[in-house]
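J.: Got a structure for you, model_1.cif, holding mmCIF, C-alpha atoms.
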```
data_structure
#
loop_
_atom_site.label_atom_id
_atom_site.label_comp_id
_atom_site.auth_asym_id
_atom_site.auth_seq_id
_atom_site.Cartn_x
_atom_site.Cartn_y
_atom_site.Cartn_z
CA MET V 12 -271.60 -1.04 18.72
CA SER V 13 -269.68 1.47 20.74
CA THR V 14 -270.20 4.67 18.76
CA ASP V 15 -273.12 5.93 20.86
CA ARG V 16 -271.22 5.94 24.13
CA PRO V 17 -269.49 9.17 25.15
CA VAL V 18 -266.85 7.39 27.25
CA SER V 19 -265.75 4.97 24.53
CA THR V 20 -263.62 7.50 22.63
CA ALA V 21 -260.05 6.14 22.34
CA PRO V 22 -258.21 7.31 25.48
CA SER V 23 -255.02 8.75 23.98
CA ALA V 24 -252.94 11.33 25.88
CA GLY V 25 -254.25 14.15 23.69
CA THR V 26 -257.88 13.12 24.11
CA THR V 27 -257.34 12.76 27.85
CA ALA V 28 -256.10 16.36 27.99
CA VAL V 29 -259.16 17.54 26.03
CA VAL V 30 -261.43 15.65 28.46
CA ALA V 31 -259.60 17.13 31.46
CA VAL V 32 -259.95 20.71 30.17
CA GLY V 33 -263.65 20.13 29.47
CA GLY V 34 -264.02 18.67 32.96
CA VAL V 35 -262.44 21.77 34.51
CA VAL V 36 -264.78 24.12 32.58
CA GLY V 37 -267.87 22.07 33.48
CA SER V 38 -266.88 21.76 37.13
CA LEU V 39 -266.19 25.49 37.50
CA LEU V 40 -269.64 26.20 36.02
CA ARG V 41 -271.23 23.73 38.47
CA TRP V 42 -269.29 25.16 41.41
CA GLY V 43 -270.27 28.72 40.40
CA LEU V 44 -273.95 27.78 40.31
CA GLN V 45 -273.74 25.93 43.64
CA GLU V 46 -272.00 28.94 45.24
CA ALA V 47 -274.56 31.37 43.81
CA TRP V 48 -277.47 29.17 44.86
CA PRO V 49 -276.36 27.45 48.10
CA HIS V 50 -278.51 25.27 50.33
CA ASP V 51 -278.34 24.40 54.04
CA ALA V 52 -277.88 20.81 55.27
CA ASP V 53 -281.65 20.66 55.87
CA GLY V 54 -282.58 22.39 52.59
CA PHE V 55 -283.40 20.94 49.18
CA PRO V 56 -280.29 20.84 46.93
CA ALA V 57 -281.99 22.68 44.06
CA SER V 58 -278.79 23.83 42.36
CA THR V 59 -277.48 20.25 42.06
CA LEU V 60 -280.85 19.12 40.66
CA ALA V 61 -280.81 22.00 38.15
CA VAL V 62 -277.22 21.23 37.10
CA ASN V 63 -277.93 17.53 36.60
CA THR V 64 -281.20 18.09 34.72
CA THR V 65 -279.66 20.69 32.40
CA GLY V 66 -276.65 18.44 31.75
CA CYS V 67 -278.88 15.49 30.84
CA LEU V 68 -280.87 17.70 28.45
CA ALA V 69 -277.64 18.88 26.83
CA ILE V 70 -276.12 15.40 26.43
CA GLY V 71 -279.29 14.33 24.59
CA VAL V 72 -278.86 17.14 22.05
CA LEU V 73 -275.09 16.61 21.85
CA MET V 74 -275.21 12.88 21.19
CA VAL V 75 -277.62 13.33 18.26
CA TRP V 76 -275.18 15.87 16.80
CA VAL V 77 -272.23 13.52 17.38
CA GLY V 78 -274.20 10.61 15.88
CA SER V 79 -274.98 12.67 12.75
CA GLY V 80 -271.27 12.71 11.89
CA ARG V 81 -271.37 16.50 11.43
CA ALA V 82 -269.80 17.34 14.80
CA PRO V 83 -266.05 17.98 15.03
CA ALA V 84 -263.99 15.11 16.46
CA ALA V 85 -263.37 17.01 19.71
CA ALA V 86 -267.11 17.56 20.37
CA ARG V 87 -267.63 14.30 22.22
CA PRO V 88 -264.49 14.23 24.40
CA PHE V 89 -264.57 17.97 25.14
CA LEU V 90 -268.30 18.73 25.42
CA GLY V 91 -269.67 15.29 26.32
CA VAL V 92 -267.16 13.39 28.44
CA GLY V 93 -265.40 16.50 29.75
CA LEU V 94 -267.71 19.50 30.06
CA LEU V 95 -271.06 17.79 30.68
CA GLY V 96 -269.41 14.97 32.64
CA GLY V 97 -267.75 17.57 34.86
CA PHE V 98 -270.83 19.82 35.03
CA THR V 99 -273.17 17.06 36.17
CA THR V 100 -272.37 15.13 39.31
CA PHE V 101 -273.65 11.98 40.90
CA SER V 102 -271.60 12.14 44.12
CA ALA V 103 -273.04 15.45 45.42
CA TYR V 104 -276.55 14.16 44.68
CA ALA V 105 -275.93 10.84 46.47
CA VAL V 106 -274.19 12.36 49.52
CA ASP V 107 -276.88 15.03 49.99
CA LEU V 108 -279.32 12.18 50.75
CA PRO V 109 -277.75 10.91 54.03
CA VAL V 110 -276.97 14.53 54.96
CA LEU V 111 -280.68 15.42 54.59
CA VAL V 112 -281.74 12.33 56.58
CA GLU V 113 -279.29 13.25 59.34
CA ALA V 114 -280.74 16.78 59.41
CA GLY V 115 -284.19 15.30 59.99
CA ARG V 116 -285.44 15.90 56.45
CA ALA V 117 -285.99 12.34 55.17
CA ASP V 118 -288.95 13.75 53.22
CA LEU V 119 -286.66 16.02 51.20
CA ALA V 120 -284.17 13.15 50.75
CA VAL V 121 -286.87 10.97 49.16
CA LEU V 122 -288.05 13.90 47.02
CA CYS V 123 -284.47 14.55 45.86
CA LEU V 124 -283.77 10.84 45.22
CA VAL V 125 -286.85 10.38 43.05
CA SER V 126 -287.09 13.78 41.30
CA THR V 127 -283.45 13.68 40.16
CA VAL V 128 -283.91 10.30 38.45
CA ALA V 129 -287.25 11.27 36.90
CA LEU V 130 -286.00 14.64 35.61
CA ALA V 131 -282.74 13.10 34.30
CA ILE V 132 -284.70 10.66 32.14
CA VAL V 133 -287.23 13.25 30.97
CA ALA V 134 -284.35 15.63 30.16
CA VAL V 135 -282.23 13.16 28.16
CA VAL V 136 -285.30 12.03 26.18
CA ALA V 137 -286.32 15.66 25.56
CA GLY V 138 -282.76 16.58 24.58
CA THR V 139 -282.63 13.72 22.10
CA ALA V 140 -285.96 14.85 20.61
CA VAL V 141 -284.72 18.46 20.32
CA GLY V 142 -281.46 17.27 18.72
CA THR V 143 -283.37 15.12 16.23
CA ALA V 144 -285.73 17.98 15.35
CA LEU V 145 -282.77 20.34 14.81
CA ALA V 146 -281.01 17.77 12.61
CA GLU V 147 -284.15 17.25 10.50
CA ARG V 148 -284.64 20.99 10.13
CA ARG V 149 -281.04 21.31 8.99
CA ALA V 150 -281.40 18.43 6.53
CA ARG V 151 -284.43 20.04 4.85
CA MET D 19 -259.24 32.77 42.90
CA ILE D 20 -257.10 30.19 44.70
CA ASP D 21 -260.36 28.31 45.41
CA ALA D 22 -261.03 28.01 41.68
CA LEU D 23 -257.54 26.57 41.26
CA TRP D 24 -258.25 23.84 43.83
CA VAL D 25 -261.54 22.95 42.11
CA SER D 26 -259.81 22.91 38.70
CA LEU D 27 -256.98 20.64 39.85
CA GLY D 28 -259.41 18.08 41.22
CA ALA D 29 -261.80 18.40 38.29
CA GLY D 30 -259.16 17.83 35.61
CA ALA D 31 -257.93 14.71 37.38
CA GLY D 32 -261.48 13.48 38.04
CA ALA D 33 -262.67 13.84 34.44
CA ALA D 34 -259.49 12.20 33.08
CA ALA D 35 -259.75 9.34 35.57
CA ARG D 36 -263.41 8.70 34.62
CA PHE D 37 -262.47 8.76 30.92
CA HIS D 38 -260.02 5.90 31.51
CA LEU D 39 -261.79 3.93 34.22
CA ALA D 40 -265.41 3.85 32.91
CA PRO D 41 -264.68 2.14 29.53
CA TRP D 42 -262.29 -0.26 31.27
CA ALA D 43 -264.95 -1.21 33.83
CA ALA D 44 -267.65 -1.46 31.14
CA ARG D 45 -265.58 -3.99 29.19
CA HIS D 46 -265.96 -6.46 32.05
CA THR D 47 -269.76 -6.24 32.18
CA ALA D 48 -272.77 -7.07 30.04
CA ASP D 49 -274.17 -3.52 29.95
CA PRO D 50 -272.19 -0.29 29.28
CA ILE D 51 -274.06 1.44 32.11
CA TRP D 52 -271.96 -0.50 34.66
CA GLY D 53 -268.81 1.40 33.66
CA THR D 54 -270.51 4.68 34.61
CA THR D 55 -271.97 3.00 37.69
CA ALA D 56 -268.48 1.94 38.82
CA VAL D 57 -267.18 5.54 38.78
CA ASN D 58 -270.36 6.84 40.44
CA VAL D 59 -270.09 4.25 43.23
CA ILE D 60 -266.40 4.97 43.90
CA GLY D 61 -266.88 8.76 43.77
CA SER D 62 -269.95 8.64 46.04
CA LEU D 63 -268.12 6.44 48.55
CA VAL D 64 -265.15 8.84 48.66
CA LEU D 65 -267.31 12.00 48.88
CA GLY D 66 -269.55 10.40 51.53
CA PHE D 67 -266.47 9.55 53.58
CA ALA D 68 -265.03 13.07 53.20
CA VAL D 69 -268.32 14.77 54.13
CA GLY D 70 -268.84 12.38 57.08
CA LEU D 71 -265.32 13.16 58.23
CA GLY D 72 -266.13 16.87 57.97
CA VAL D 73 -263.29 17.95 55.68
CA GLY D 74 -263.29 21.58 54.62
CA GLY D 75 -261.22 24.19 52.83
CA ALA D 76 -258.88 23.20 50.03
CA VAL D 77 -259.41 19.43 50.54
CA SER D 78 -263.17 19.86 50.19
CA LEU D 79 -262.74 21.98 47.04
CA ALA D 80 -260.15 19.77 45.33
CA LEU D 81 -261.37 16.34 46.40
CA GLY D 82 -265.11 16.97 46.85
CA VAL D 83 -266.23 19.67 44.41
CA GLY D 84 -263.43 19.05 41.90
CA PHE D 85 -262.42 15.40 41.82
CA CYS D 86 -265.58 13.59 43.00
CA GLY D 87 -267.79 16.14 41.22
CA ALA D 88 -266.08 15.63 37.86
CA PHE D 89 -265.33 11.92 38.33
CA THR D 90 -269.01 11.09 38.84
CA THR D 91 -271.67 12.01 36.29
CA TRP D 92 -275.40 12.12 35.68
CA SER D 93 -275.27 13.08 31.98
CA THR D 94 -273.48 9.90 30.88
CA LEU D 95 -275.61 7.80 33.23
CA SER D 96 -278.88 9.08 31.77
CA HIS D 97 -277.56 8.62 28.23
CA ASP D 98 -276.40 5.08 29.07
CA ALA D 99 -279.94 4.33 30.30
CA LEU D 100 -281.34 5.67 27.02
CA THR D 101 -278.89 3.49 25.06
CA THR D 102 -279.89 0.42 27.09
CA ALA D 103 -283.57 1.21 26.45
CA GLY D 104 -282.89 1.31 22.69
CA ARG D 105 -280.90 -1.93 22.64
CA ARG D 106 -282.52 -4.07 25.28
CA GLY D 107 -285.88 -2.47 26.03
CA VAL D 108 -287.33 0.08 28.42
CA ARG D 109 -287.95 -2.48 31.13
CA ARG D 110 -284.33 -3.60 31.20
CA ALA D 111 -283.21 0.07 31.18
CA ALA D 112 -285.47 0.87 34.15
CA VAL D 113 -284.04 -2.04 36.13
CA VAL D 114 -280.36 -1.26 35.42
CA LEU D 115 -280.82 2.47 36.08
CA THR D 116 -282.58 1.76 39.39
CA LEU D 117 -279.80 -0.65 40.43
CA SER D 118 -277.15 1.85 39.33
CA VAL D 119 -278.67 4.76 41.29
CA LEU D 120 -279.26 2.64 44.40
CA SER D 121 -275.65 1.34 44.31
CA GLY D 122 -274.32 4.89 44.19
CA VAL D 123 -276.61 6.06 46.97
CA ALA D 124 -275.71 3.03 49.11
CA ALA D 125 -272.00 3.83 48.61
CA ALA D 126 -272.60 7.46 49.67
CA VAL D 127 -274.50 6.34 52.79
CA LEU D 128 -271.77 3.81 53.68
CA GLY D 129 -268.97 6.33 53.15
CA HIS D 130 -270.84 8.92 55.20
CA LEU D 131 -271.48 6.47 58.06
CA VAL D 132 -267.84 5.35 58.22
CA GLY D 133 -266.48 8.90 57.90
CA ALA D 134 -268.74 10.19 60.68
CA ARG D 135 -267.62 7.42 63.06
CA ILE D 136 -263.86 7.88 62.70
#
```
Could you render the structure from this file as structure tokens?
T.:
Amino acid sequence: MSTDRPVSTAPSAGTTAVVAVGGVVGSLLRWGLQEAWPHDADGFPASTLAVNTTGCLAIGVLMVWVGSGRAPAAARPFLGVGLLGGFTTFSAYAVDLPVLVEAGRADLAVLCLVSTVALAIVAVVAGTAVGTALAERRAR
Amino acid sequence: MIDALWVSLGAGAGAAARFHLAPWAARHTADPIWGTTAVNVIGSLVLGFAVGLGVGGAVSLALGVGFCGAFTTWSTLSHDALTTAGRRGVRRAAVVLTLSVLSGVAAAVLGHLVGARI
């Protein structure tokens, strides 16, 4: 079954444009947060961790909504694949690790490596629970 | 303002490229998480190389913040792990997520090493 995967929406030209616009919005939000809350090469990348954790929480809620069949057709490509996909980032997280090690902060690199994974999982599970609770409340 | 334009150009292309590449890559594997892993590995390799090389200005904004930032994702990765846990068990999900994260990190380290030595 492919219906519970955000990236499996049929990639037509129109849907691609919707994804791209969502990606721009999400990336500008991420960039804004990273600019407002910068970190040095030897500092913990807290803004990236916050962005990724929030995005994982949101995708949990979103995918319950999409799965309920009540969300508009554009919700998944625009909000899921585009906005949240563009808001969260794996590359900045991964590249911050060798940068931290090079700056002599292997301790922060390990903390970042582990805390990002742990919080991502906690967030997506929590988001799914919140989405389910909201759907049940609505159904009552 | 022009900075936001550079980020937007890269981000639009990055999100669209992920949208096409991830499902294509996932079709060739046993677990959907590998499609997301493929984009994360490529994006981390490219960003690692760019950061190692020390690029700045418009290239950093368009390629790094925009393209690599939007091309790679944590939200889809975490949701893929949740999907795998539901279909194939928590143990299997923990293994594939760990392998996925370590592949991406290894790509970033490799890119960074190569970029810094050129």
J.: Contacts between chain V and chain D, please, where a residue of chain D counts if it comes within 6 Å (with only C-alpha atoms); show its shortest atom pair and distance in Å to one decimal, rows by chain and ascending number, as a tab-separated table.
T.:
```
residue	atom	partner	partner_atom	distance
D:Ser26	CA	V:Val35	CA	5.1
D:Ala29	CA	V:Val35	CA	5.1
D:Gly30	CA	V:Ala31	CA	4.2
D:Ala33	CA	V:Gly34	CA	5.2
D:Ala34	CA	V:Ala31	CA	5.2
D:Phe37	CA	V:Val18	CA	5.9
D:Pro41	CA	V:Ser19	CA	5.8
D:Gly61	CA	V:Ser102	CA	5.8
D:Ser62	CA	V:Ser102	CA	4.3
D:Gly66	CA	V:Val106	CA	5.4
D:Gly87	CA	V:Thr100	CA	5.1
D:Ala88	CA	V:Gly97	CA	3.9
D:Thr90	CA	V:Phe101	CA	5.2
D:Thr91	CA	V:Thr100	CA	4.4
D:Trp92	CA	V:Thr99	CA	5.4
D:Ser93	CA	V:Cys67	CA	4.5
D:Val123	CA	V:Ala105	CA	4.9
D:Ala126	CA	V:Val106	CA	5.2
D:Val127	CA	V:Pro109	CA	5.7
```
J.: When the PyMOL selection byres ((chain D and resi 131) around 12) is applied to the structure above, which residues does it catch, written out as a compact mmCIF listing (two decimals) with C-alpha atoms, keeping the file's coordinate frame?
T.:
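Wrote it out as expr37.txt, contents follow:
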```
# COMPACT_ATOMS: atom_id res chain seq x y z
CA VAL V 106 -274.19 12.36 49.52
CA PRO V 109 -277.75 10.91 54.03
CA VAL V 110 -276.97 14.53 54.96
CA VAL V 112 -281.74 12.33 56.58
CA GLU V 113 -279.29 13.25 59.34
CA LEU D 63 -268.12 6.44 48.55
CA VAL D 64 -265.15 8.84 48.66
CA LEU D 65 -267.31 12.00 48.88
CA GLY D 66 -269.55 10.40 51.53
CA PHE D 67 -266.47 9.55 53.58
CA ALA D 68 -265.03 13.07 53.20
CA VAL D 69 -268.32 14.77 54.13
CA GLY D 70 -268.84 12.38 57.08
CA LEU D 71 -265.32 13.16 58.23
CA GLY D 72 -266.13 16.87 57.97
CA ALA D 124 -275.71 3.03 49.11
CA ALA D 125 -272.00 3.83 48.61
CA ALA D 126 -272.60 7.46 49.67
CA VAL D 127 -274.50 6.34 52.79
CA LEU D 128 -271.77 3.81 53.68
CA GLY D 129 -268.97 6.33 53.15
CA HIS D 130 -270.84 8.92 55.20
CA VAL D 132 -267.84 5.35 58.22
CA GLY D 133 -266.48 8.90 57.90
CA ALA D 134 -268.74 10.19 60.68
CA ARG D 135 -267.62 7.42 63.06
CA ILE D 136 -263.86 7.88 62.70
```
J.: Quick one: of D:Thr47, D:Val57, D:Arg106, D:Val83, who's nearest to D:Gly122, counting all atoms listed in the file?
T.: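 Looking only at the distances to D:Gly122, the closest residue turns out to be D:Val57.
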J.: Centre and edge lengths of an axis-aligned box around all listed atoms of stretch 110-124 of chain V, with 5 Å added on each side, are to be given in Å to one decimal, as lines of an AutoDock Vina configuration file.
T.:
```
center_x = -283.0
center_y = 13.8
center_z = 52.6
size_x = 22.0
size_y = 15.9
size_z = 24.8
```
J.: May I ask for the distance between atom CA of V:Gly78 and atom CA of D:Ile60, given in Å to one decimal place?
T.: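 Distance between the two atoms: 29.6 Å.
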J.: Distance atom CA of V:Arg151-atom CA of V:Gly138, one decimal place?
T.: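 We find that atom CA of V:Arg151 and atom CA of V:Gly138 lie 20.1 Å from each other.
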J.: What is the distance between atom CA of D:Thr94 and atom CA of D:Thr54, in Å to one decimal?
T.: 7.1 Å
J.: Could you list, as a list in words, every residue within 8 Å of stretch 143-148 of chain V, counting all atoms listed in the file and ignoring same-chain residues fewer than 5 positions away?
T.: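 Neighbouring residues, sequence-local ones excluded: Val72, Val75, Trp76 and Ser79 of chain V.
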J.: Between D:Phe89, D:His46, D:Ile20, D:Trp52, which is the closest to D:Thr116 once you count all atoms listed in the file?
T.: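 Smallest distance to D:Thr116 is found for D:Trp52.
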J.: When the PyMOL selection byres ((chain D and resi 115) around 12) is applied to the file above, which residues end up in the set, as JSON, numbers by chain?
T.: {"V": [128, 129, 131, 132], "D": [49, 50, 51, 52, 54, 55, 92, 94, 95, 96, 97, 98, 99, 100, 101, 102, 103, 108, 109, 110, 111, 112, 113, 114, 116, 117, 118, 119, 120, 121, 122]}
J.: I want to know what sits within 12 Å of V:Arg116, based on all atoms listed in the file, with residues of the same chain fewer than 2 positions away left out; could you give that as a PDB file with C-alpha atoms, in the frame of the given file?
T.:
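Okay, part_13.pdb is ready:
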```
ATOM      1  CA  ASP V  51    -278.340  24.400  54.040  1.00  0.00           C
ATOM      2  CA  ALA V  52    -277.880  20.810  55.270  1.00  0.00           C
ATOM      3  CA  ASP V  53    -281.650  20.660  55.870  1.00  0.00           C
ATOM      4  CA  GLY V  54    -282.580  22.390  52.590  1.00  0.00           C
ATOM      5  CA  PHE V  55    -283.400  20.940  49.180  1.00  0.00           C
ATOM      6  CA  PRO V  56    -280.290  20.840  46.930  1.00  0.00           C
ATOM      7  CA  ASP V 107    -276.880  15.030  49.990  1.00  0.00           C
ATOM      8  CA  LEU V 108    -279.320  12.180  50.750  1.00  0.00           C
ATOM      9  CA  PRO V 109    -277.750  10.910  54.030  1.00  0.00           C
ATOM     10  CA  VAL V 110    -276.970  14.530  54.960  1.00  0.00           C
ATOM     11  CA  LEU V 111    -280.680  15.420  54.590  1.00  0.00           C
ATOM     12  CA  VAL V 112    -281.740  12.330  56.580  1.00  0.00           C
ATOM     13  CA  GLU V 113    -279.290  13.250  59.340  1.00  0.00           C
ATOM     14  CA  ALA V 114    -280.740  16.780  59.410  1.00  0.00           C
ATOM     15  CA  ASP V 118    -288.950  13.750  53.220  1.00  0.00           C
ATOM     16  CA  LEU V 119    -286.660  16.020  51.200  1.00  0.00           C
ATOM     17  CA  ALA V 120    -284.170  13.150  50.750  1.00  0.00           C
ATOM     18  CA  VAL V 121    -286.870  10.970  49.160  1.00  0.00           C
ATOM     19  CA  LEU V 122    -288.050  13.900  47.020  1.00  0.00           C
ATOM     20  CA  CYS V 123    -284.470  14.550  45.860  1.00  0.00           C
TER      21      CYS V 123
END
```
J.: With all atoms listed in the file as the basis for distance, which of D:Cys86, D:Val59, D:Ala40, D:Leu79 is at the shortest distance from D:Ala22?
T.: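 Closest candidate: D:Leu79.
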